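Reproduced below: start.pdb, with PDB, C-alpha atoms.
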```pdb
MODEL        1
ATOM      1  CA  MET A   1      37.198  20.516 -53.160
ATOM      2  CA  ALA A   2      39.222  23.385 -51.755
ATOM      3  CA  LEU A   3      37.734  25.278 -48.795
ATOM      4  CA  ASP A   4      37.606  29.030 -48.697
ATOM      5  CA  LEU A   5      39.203  30.899 -45.807
ATOM      6  CA  GLU A   6      35.992  31.214 -43.738
ATOM      7  CA  GLU A   7      35.137  27.545 -44.085
ATOM      8  CA  GLN A   8      38.681  26.543 -43.147
ATOM      9  CA  GLU A   9      38.482  28.684 -40.014
ATOM     10  CA  GLN A  10      35.242  26.973 -39.021
ATOM     11  CA  VAL A  11      36.804  23.550 -39.535
ATOM     12  CA  ASP A  12      39.833  24.527 -37.485
ATOM     13  CA  GLU A  13      37.609  25.884 -34.689
ATOM     14  CA  PHE A  14      35.593  22.674 -34.630
ATOM     15  CA  LYS A  15      38.757  20.560 -34.510
ATOM     16  CA  ALA A  16      40.009  22.615 -31.585
ATOM     17  CA  TRP A  17      36.655  22.351 -29.769
ATOM     18  CA  TRP A  18      36.486  18.609 -30.401
ATOM     19  CA  GLY A  19      39.990  18.172 -29.087
ATOM     20  CA  GLN A  20      38.887  19.752 -25.813
ATOM     21  CA  ASN A  21      35.369  18.296 -25.523
ATOM     22  CA  GLY A  22      35.232  15.227 -27.751
ATOM     23  CA  LYS A  23      35.727  12.725 -24.931
ATOM     24  CA  LYS A  24      32.998  14.366 -22.822
ATOM     25  CA  VAL A  25      30.583  14.228 -25.744
ATOM     26  CA  ILE A  26      31.309  10.540 -26.342
ATOM     27  CA  VAL A  27      30.888   9.706 -22.640
ATOM     28  CA  ALA A  28      27.622  11.664 -22.413
ATOM     29  CA  ALA A  29      26.226  10.005 -25.542
ATOM     30  CA  THR A  30      27.209   6.570 -24.247
ATOM     31  CA  LEU A  31      25.530   7.214 -20.894
ATOM     32  CA  PHE A  32      22.387   8.402 -22.642
ATOM     33  CA  VAL A  33      22.210   5.219 -24.707
ATOM     34  CA  LEU A  34      22.820   3.032 -21.642
ATOM     35  CA  ILE A  35      20.172   4.839 -19.591
ATOM     36  CA  ALA A  36      17.637   4.621 -22.411
ATOM     37  CA  ALA A  37      18.352   0.909 -22.799
ATOM     38  CA  GLY A  38      18.088   0.429 -19.045
ATOM     39  CA  VAL A  39      14.719   2.160 -18.851
ATOM     40  CA  GLN A  40      13.392   0.112 -21.737
ATOM     41  CA  GLY A  41      14.701  -3.067 -20.145
ATOM     42  CA  TRP A  42      13.152  -2.183 -16.796
ATOM     43  CA  ARG A  43       9.761  -1.522 -18.434
ATOM     44  CA  TRP A  44       9.922  -4.854 -20.223
ATOM     45  CA  TRP A  45      10.819  -6.660 -16.985
ATOM     46  CA  ASN A  46       8.108  -4.819 -15.027
ATOM     47  CA  ASP A  47       5.467  -5.697 -17.622
ATOM     48  CA  LYS A  48       6.491  -9.354 -17.408
ATOM     49  CA  GLN A  49       6.289  -9.257 -13.603
ATOM     50  CA  GLN A  50       2.807  -7.723 -13.773
ATOM     51  CA  GLN A  51       1.627 -10.364 -16.238
ATOM     52  CA  LYS A  52       2.962 -13.240 -14.149
ATOM     53  CA  ALA A  53       1.536 -11.793 -10.934
ATOM     54  CA  PHE A  54      -1.862 -11.291 -12.565
ATOM     55  CA  ALA A  55      -1.940 -14.886 -13.789
ATOM     56  CA  LEU A  56      -1.169 -16.163 -10.291
ATOM     57  CA  TYR A  57      -3.690 -13.832  -8.667
ATOM     58  CA  ASP A  58      -6.372 -15.067 -11.048
ATOM     59  CA  GLN A  59      -5.553 -18.602  -9.919
ATOM     60  CA  ALA A  60      -5.804 -17.533  -6.272
ATOM     61  CA  LEU A  61      -9.248 -16.041  -6.881
ATOM     62  CA  GLN A  62     -10.422 -19.260  -8.493
ATOM     63  CA  HIS A  63      -9.162 -21.271  -5.526
ATOM     64  CA  ALA A  64     -10.888 -18.842  -3.163
ATOM     65  CA  SER A  65     -14.201 -19.230  -4.998
ATOM     66  CA  SER A  66     -13.925 -23.002  -4.647
ATOM     67  CA  LYS A  67     -13.022 -22.668  -0.934
ATOM     68  CA  ASP A  68      -9.610 -24.277  -1.421
ATOM     69  CA  ALA A  69      -7.811 -22.505   1.436
ATOM     70  CA  LYS A  70      -4.604 -24.505   1.044
ATOM     71  CA  GLU A  71      -4.140 -23.472  -2.579
ATOM     72  CA  VAL A  72      -5.101 -19.855  -1.840
ATOM     73  CA  LYS A  73      -2.374 -19.637   0.798
ATOM     74  CA  GLN A  74       0.183 -21.280  -1.486
ATOM     75  CA  VAL A  75      -0.501 -19.098  -4.529
ATOM     76  CA  THR A  76      -0.838 -15.798  -2.635
ATOM     77  CA  GLY A  77       2.377 -16.625  -0.797
ATOM     78  CA  ALA A  78       4.133 -17.089  -4.132
ATOM     79  CA  ILE A  79       2.884 -13.694  -5.312
ATOM     80  CA  MET A  80       4.003 -11.891  -2.155
ATOM     81  CA  ASP A  81       7.398 -13.606  -2.175
ATOM     82  CA  GLY A  82       8.152 -13.262  -5.867
ATOM     83  CA  TYR A  83       6.202 -10.243  -7.050
ATOM     84  CA  GLY A  84       6.228  -7.829  -4.126
ATOM     85  CA  SER A  85       6.824  -4.856  -6.417
ATOM     86  CA  THR A  86       3.487  -5.325  -8.179
ATOM     87  CA  GLY A  87       0.057  -4.172  -7.058
ATOM     88  CA  TYR A  88      -1.063  -7.811  -6.913
ATOM     89  CA  ALA A  89       1.084  -8.411  -3.828
ATOM     90  CA  SER A  90      -1.116  -6.220  -1.639
ATOM     91  CA  LEU A  91      -4.293  -7.691  -3.158
ATOM     92  CA  SER A  92      -2.944 -11.164  -2.450
ATOM     93  CA  ALA A  93      -2.286 -10.215   1.156
ATOM     94  CA  TRP A  94      -5.920  -9.135   1.539
ATOM     95  CA  LEU A  95      -7.132 -12.394   0.001
ATOM     96  CA  ALA A  96      -4.795 -14.479   2.151
ATOM     97  CA  GLY A  97      -5.786 -12.562   5.278
ATOM     98  CA  ARG A  98      -9.479 -13.149   4.642
ATOM     99  CA  THR A  99      -8.832 -16.831   3.941
ATOM    100  CA  ASN A 100      -6.803 -17.220   7.131
ATOM    101  CA  LEU A 101      -9.529 -15.519   9.170
ATOM    102  CA  GLU A 102     -12.186 -17.832   7.773
ATOM    103  CA  ALA A 103      -9.943 -20.759   8.699
ATOM    104  CA  GLY A 104      -9.504 -19.419  12.240
ATOM    105  CA  ASP A 105      -5.803 -18.641  11.807
ATOM    106  CA  ARG A 106      -5.626 -15.165  13.368
ATOM    107  CA  GLN A 107      -1.848 -14.965  13.607
ATOM    108  CA  SER A 108      -1.400 -15.573   9.891
ATOM    109  CA  ALA A 109      -4.182 -13.109   9.135
ATOM    110  CA  LEU A 110      -2.446 -10.471  11.236
ATOM    111  CA  ALA A 111       0.760 -11.023   9.268
ATOM    112  CA  GLN A 112      -1.072 -10.760   5.942
ATOM    113  CA  PHE A 113      -2.869  -7.525   6.810
ATOM    114  CA  GLN A 114       0.413  -6.093   8.100
ATOM    115  CA  TYR A 115       1.934  -6.929   4.718
ATOM    116  CA  ALA A 116      -1.035  -5.271   2.988
ATOM    117  CA  LEU A 117      -0.461  -2.130   5.052
ATOM    118  CA  GLU A 118       3.260  -2.005   4.269
ATOM    119  CA  HIS A 119       2.849  -2.701   0.553
ATOM    120  CA  ALA A 120      -0.252  -0.607  -0.195
ATOM    121  CA  ARG A 121       0.127   1.360  -3.426
ATOM    122  CA  ASP A 122      -2.228   4.238  -2.554
ATOM    123  CA  ASP A 123      -3.609   6.069   0.486
ATOM    124  CA  ALA A 124      -7.044   4.474   0.310
ATOM    125  CA  SER A 125      -5.661   0.929   0.318
ATOM    126  CA  ARG A 126      -3.232   1.852   3.072
ATOM    127  CA  ASP A 127      -5.935   3.315   5.303
ATOM    128  CA  LEU A 128      -8.253   0.357   4.770
ATOM    129  CA  ALA A 129      -5.443  -2.047   5.647
ATOM    130  CA  ARG A 130      -4.633   0.009   8.754
ATOM    131  CA  ILE A 131      -8.262  -0.095   9.929
ATOM    132  CA  ARG A 132      -8.650  -3.811   9.156
ATOM    133  CA  LEU A 133      -5.416  -4.638  10.972
ATOM    134  CA  ALA A 134      -6.392  -2.492  13.963
ATOM    135  CA  ALA A 135      -9.782  -4.194  14.182
ATOM    136  CA  LEU A 136      -8.131  -7.598  14.123
ATOM    137  CA  LYS A 137      -5.606  -6.584  16.772
ATOM    138  CA  LEU A 138      -8.362  -5.273  19.024
ATOM    139  CA  ASP A 139     -10.402  -8.430  18.539
ATOM    140  CA  SER A 140      -7.293 -10.467  19.389
ATOM    141  CA  GLY A 141      -6.776  -8.590  22.663
ATOM    142  CA  ASP A 142      -4.073  -6.190  21.506
ATOM    143  CA  ALA A 143      -5.867  -2.914  22.245
ATOM    144  CA  ASP A 144      -2.583  -1.036  22.562
ATOM    145  CA  GLY A 145      -1.468  -2.169  19.099
ATOM    146  CA  ALA A 146      -4.824  -1.149  17.660
ATOM    147  CA  ALA A 147      -4.704   2.295  19.295
ATOM    148  CA  LYS A 148      -1.190   2.924  17.971
ATOM    149  CA  LEU A 149      -2.242   2.058  14.437
ATOM    150  CA  LEU A 150      -5.237   4.368  14.662
ATOM    151  CA  ALA A 151      -3.215   7.264  16.070
ATOM    152  CA  GLU A 152      -2.301   8.227  12.496
ATOM    153  CA  GLU A 153      -4.743  10.257  10.433
ATOM    154  CA  VAL A 154      -6.676   8.570   7.660
ATOM    155  CA  MET A 155      -8.466   9.909   4.608
ATOM    156  CA  PRO A 156     -11.666  11.867   5.409
ATOM    157  CA  ALA A 157     -13.780   9.083   3.909
ATOM    158  CA  TYR A 158     -12.526   6.699   6.592
ATOM    159  CA  THR A 159     -12.451   9.089   9.569
ATOM    160  CA  ALA A 160     -15.707   7.852  11.108
ATOM    161  CA  LEU A 161     -14.747   4.191  10.823
ATOM    162  CA  ALA A 162     -11.265   4.725  12.232
ATOM    163  CA  ALA A 163     -12.352   7.042  15.045
ATOM    164  CA  ASN A 164     -15.109   4.690  16.186
ATOM    165  CA  LEU A 165     -12.645   1.804  16.330
ATOM    166  CA  LYS A 166     -10.080   4.011  18.064
ATOM    167  CA  GLY A 167     -12.639   4.811  20.756
ATOM    168  CA  ASP A 168     -13.230   1.099  21.353
ATOM    169  CA  ALA A 169      -9.479   0.506  21.650
ATOM    170  CA  LEU A 170      -9.022   3.388  24.098
ATOM    171  CA  LEU A 171     -11.914   2.150  26.224
ATOM    172  CA  ALA A 172     -10.282  -1.285  26.382
ATOM    173  CA  LEU A 173      -7.156   0.501  27.632
ATOM    174  CA  LYS A 174      -9.272   2.114  30.395
ATOM    175  CA  ARG A 175      -8.996   5.618  28.930
ATOM    176  CA  PRO A 176     -12.703   6.529  28.793
ATOM    177  CA  ALA A 177     -12.275  10.297  28.338
ATOM    178  CA  GLU A 178     -10.082   9.773  25.266
ATOM    179  CA  ALA A 179     -12.452   7.084  24.035
ATOM    180  CA  ARG A 180     -15.394   9.470  24.240
ATOM    181  CA  ALA A 181     -13.452  12.136  22.320
ATOM    182  CA  ALA A 182     -12.734   9.596  19.562
ATOM    183  CA  TRP A 183     -16.412   8.622  19.367
ATOM    184  CA  GLN A 184     -17.357  12.296  19.169
ATOM    185  CA  GLN A 185     -15.025  12.625  16.204
ATOM    186  CA  ALA A 186     -16.613   9.567  14.598
ATOM    187  CA  PHE A 187     -20.136  10.876  15.249
ATOM    188  CA  ALA A 188     -19.321  14.243  13.689
ATOM    189  CA  ALA A 189     -17.948  12.541  10.569
ATOM    190  CA  MET A 190     -21.024  10.336  10.054
ATOM    191  CA  ASN A 191     -24.053  11.219   7.976
ATOM    192  CA  ASP A 192     -27.582  10.604   9.251
ATOM    193  CA  THR A 193     -27.985   7.396   7.262
ATOM    194  CA  ASP A 194     -24.886   5.742   8.708
ATOM    195  CA  PRO A 195     -26.042   2.558  10.485
ATOM    196  CA  LEU A 196     -23.326   2.950  13.128
ATOM    197  CA  LYS A 197     -24.317   6.470  14.131
ATOM    198  CA  ALA A 198     -26.911   5.403  16.705
ATOM    199  CA  LEU A 199     -24.455   2.984  18.310
ATOM    200  CA  VAL A 200     -21.743   5.635  18.510
ATOM    201  CA  GLU A 201     -24.215   7.996  20.145
ATOM    202  CA  ILE A 202     -25.026   5.372  22.773
ATOM    203  CA  LYS A 203     -21.313   4.951  23.479
ATOM    204  CA  MET A 204     -20.911   8.700  23.965
ATOM    205  CA  ASP A 205     -23.966   8.973  26.198
ATOM    206  CA  SER A 206     -22.853   6.053  28.334
ATOM    207  CA  GLY A 207     -19.576   7.818  29.041
ATOM    208  CA  GLY A 208     -17.569   4.779  28.133
ATOM    209  CA  ALA A 209     -19.764   2.213  29.836
ATOM    210  CA  ALA A 210     -20.864  -0.769  27.810
ATOM    211  CA  PRO A 211     -24.087   0.063  25.887
TER     212      PRO A 211
ENDMDL
END
```
Could I get this structure in the form of structure tokens?
Amino acid sequence: MALDLEEQEQVDEFKAWWGQNGKKVIVAATLFVLIAAGVQGWRWWNDKQQQKAFALYDQALQHASSKDAKEVKQVTGAIMDGYGSTGYASLSAWLAGRTNLEAGDRQSALAQFQYALEHARDDASRDLARIRLAALKLDSGDADGAAKLLAEEVMPAYTALAANLKGDALLALKRPAEARAAWQQAFAAMNDTDPLKALVEIKMDSGGAAP
């Protein structure tokens, strides 16, 4: 069918535009398809990783309930080594750390709680791991390591717990004035029903001496 003059002009304009931009359009469309395929592939892979990690974590929990420390360590280690990008890696570190502590293996527990701190997926988990690791360091004689961990701010919900522990670490480092300031911060953050509030008050009143 013959084209009228206006239609022919439009065809000619399109041919000219395509001659200048056709390759760019093809490249852009190809990239879009590749990116879309890549995203879909990554989601599929991530879902598979989550499913595998969950299955292993469920096994670890079962071993923990039956007090099989050897299997707990083996399975949680497999999760942390092979599925570090999933949320189950941090949970496995917590479980392994608790298991190691119950078995008296403090060094392994320290390593697990350090892993939990570094791989936490949210602020709450990160702060809890920081406090747990600091407490373990202090109990192991590393007051300086504990104080450094607690130098960073935590969520308001954990301020009292962290500040109280920070005061204990600073006292162990023979810095009683700073220790008392930390306990004051902890005391101010506690409500009247907090079971630790009376103890913190005794620490403040003693000026850093043992209650």
So which one's closest to Ile79 of chain A, A:Ser125, A:Gln51, A:Thr99, A:Gln62? Using all atoms listed in the file, please.
->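 Using all atoms listed in the file, Ile79 of chain A sits closest to A:Gln51.
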Do you know which residues the PyMOL selection byres ((chain A and resi 130) around 8) returns on this file, as a VMD selection string?
-> chain A and resid 113 to 114 117 126 to 129 131 to 134 149 to 150
Given the file shown, enumerate the residues that the PyMOL selection byres ((chain A and resi 83) around 12) captures and present them as JSON, numbers by chain.
-> {"A": [45, 46, 47, 48, 49, 50, 51, 52, 53, 54, 55, 56, 57, 75, 76, 77, 78, 79, 80, 81, 82, 84, 85, 86, 87, 88, 89, 90, 91, 92, 93, 119]}
Would you mind listing what lies within 8 Å of segment 137-144 of chain A as a VMD selection string, with all atoms listed in the file counted and same-chain residues fewer than 5 positions away left out?
-> chain A and resid 106 110 169 to 170 172 to 173
To one decimal place, how far is atom CA of Met204 of chain A from atom CA of Lys148 of chain A in Å?
-> 21.4 Å
Which residues, written as number ranges by chain, have at least one atom at most 8 Å from Ala96 of chain A, with all atoms listed in the file counted and residues fewer than 6 positions away on the same chain left out?
-> A: 72-73, 76, 109, 112
Taking only C-alpha atoms into account, which of A:Leu95, A:Ala182, A:Ile202, A:Leu101 comes nearest His63 of chain A?
-> A:Leu95
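Counting from atom CA of Ser66 of chain A, the distance to atom CA of Ala124 of chain A is 28.8 Å.
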Evaluate the PyMOL selection byres ((chain A and resi 194-201) around 10) on the structure here and hand back the selected residues as a VMD selection string.
-> chain A and resid 160 to 161 164 167 180 182 to 193 202 to 206 211
Nearest residue to Ala111 of chain A from the set A:Gly97, A:Glu152, A:Asp123, A:Leu61 (distances using all atoms listed in the file) |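 That would be A:Gly97, the residue with the smallest distance to Ala111 of chain A.
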Separation of atom CA of Ala177 of chain A and atom CA of Pro156 of chain A, in Å?
-> 23.0 Å
Have a look at A:Ala103, A:Thr159, A:Val154, A:Trp94 and name the one nearest to Ala116 of chain A; count all atoms listed in the file.
-> A:Trp94
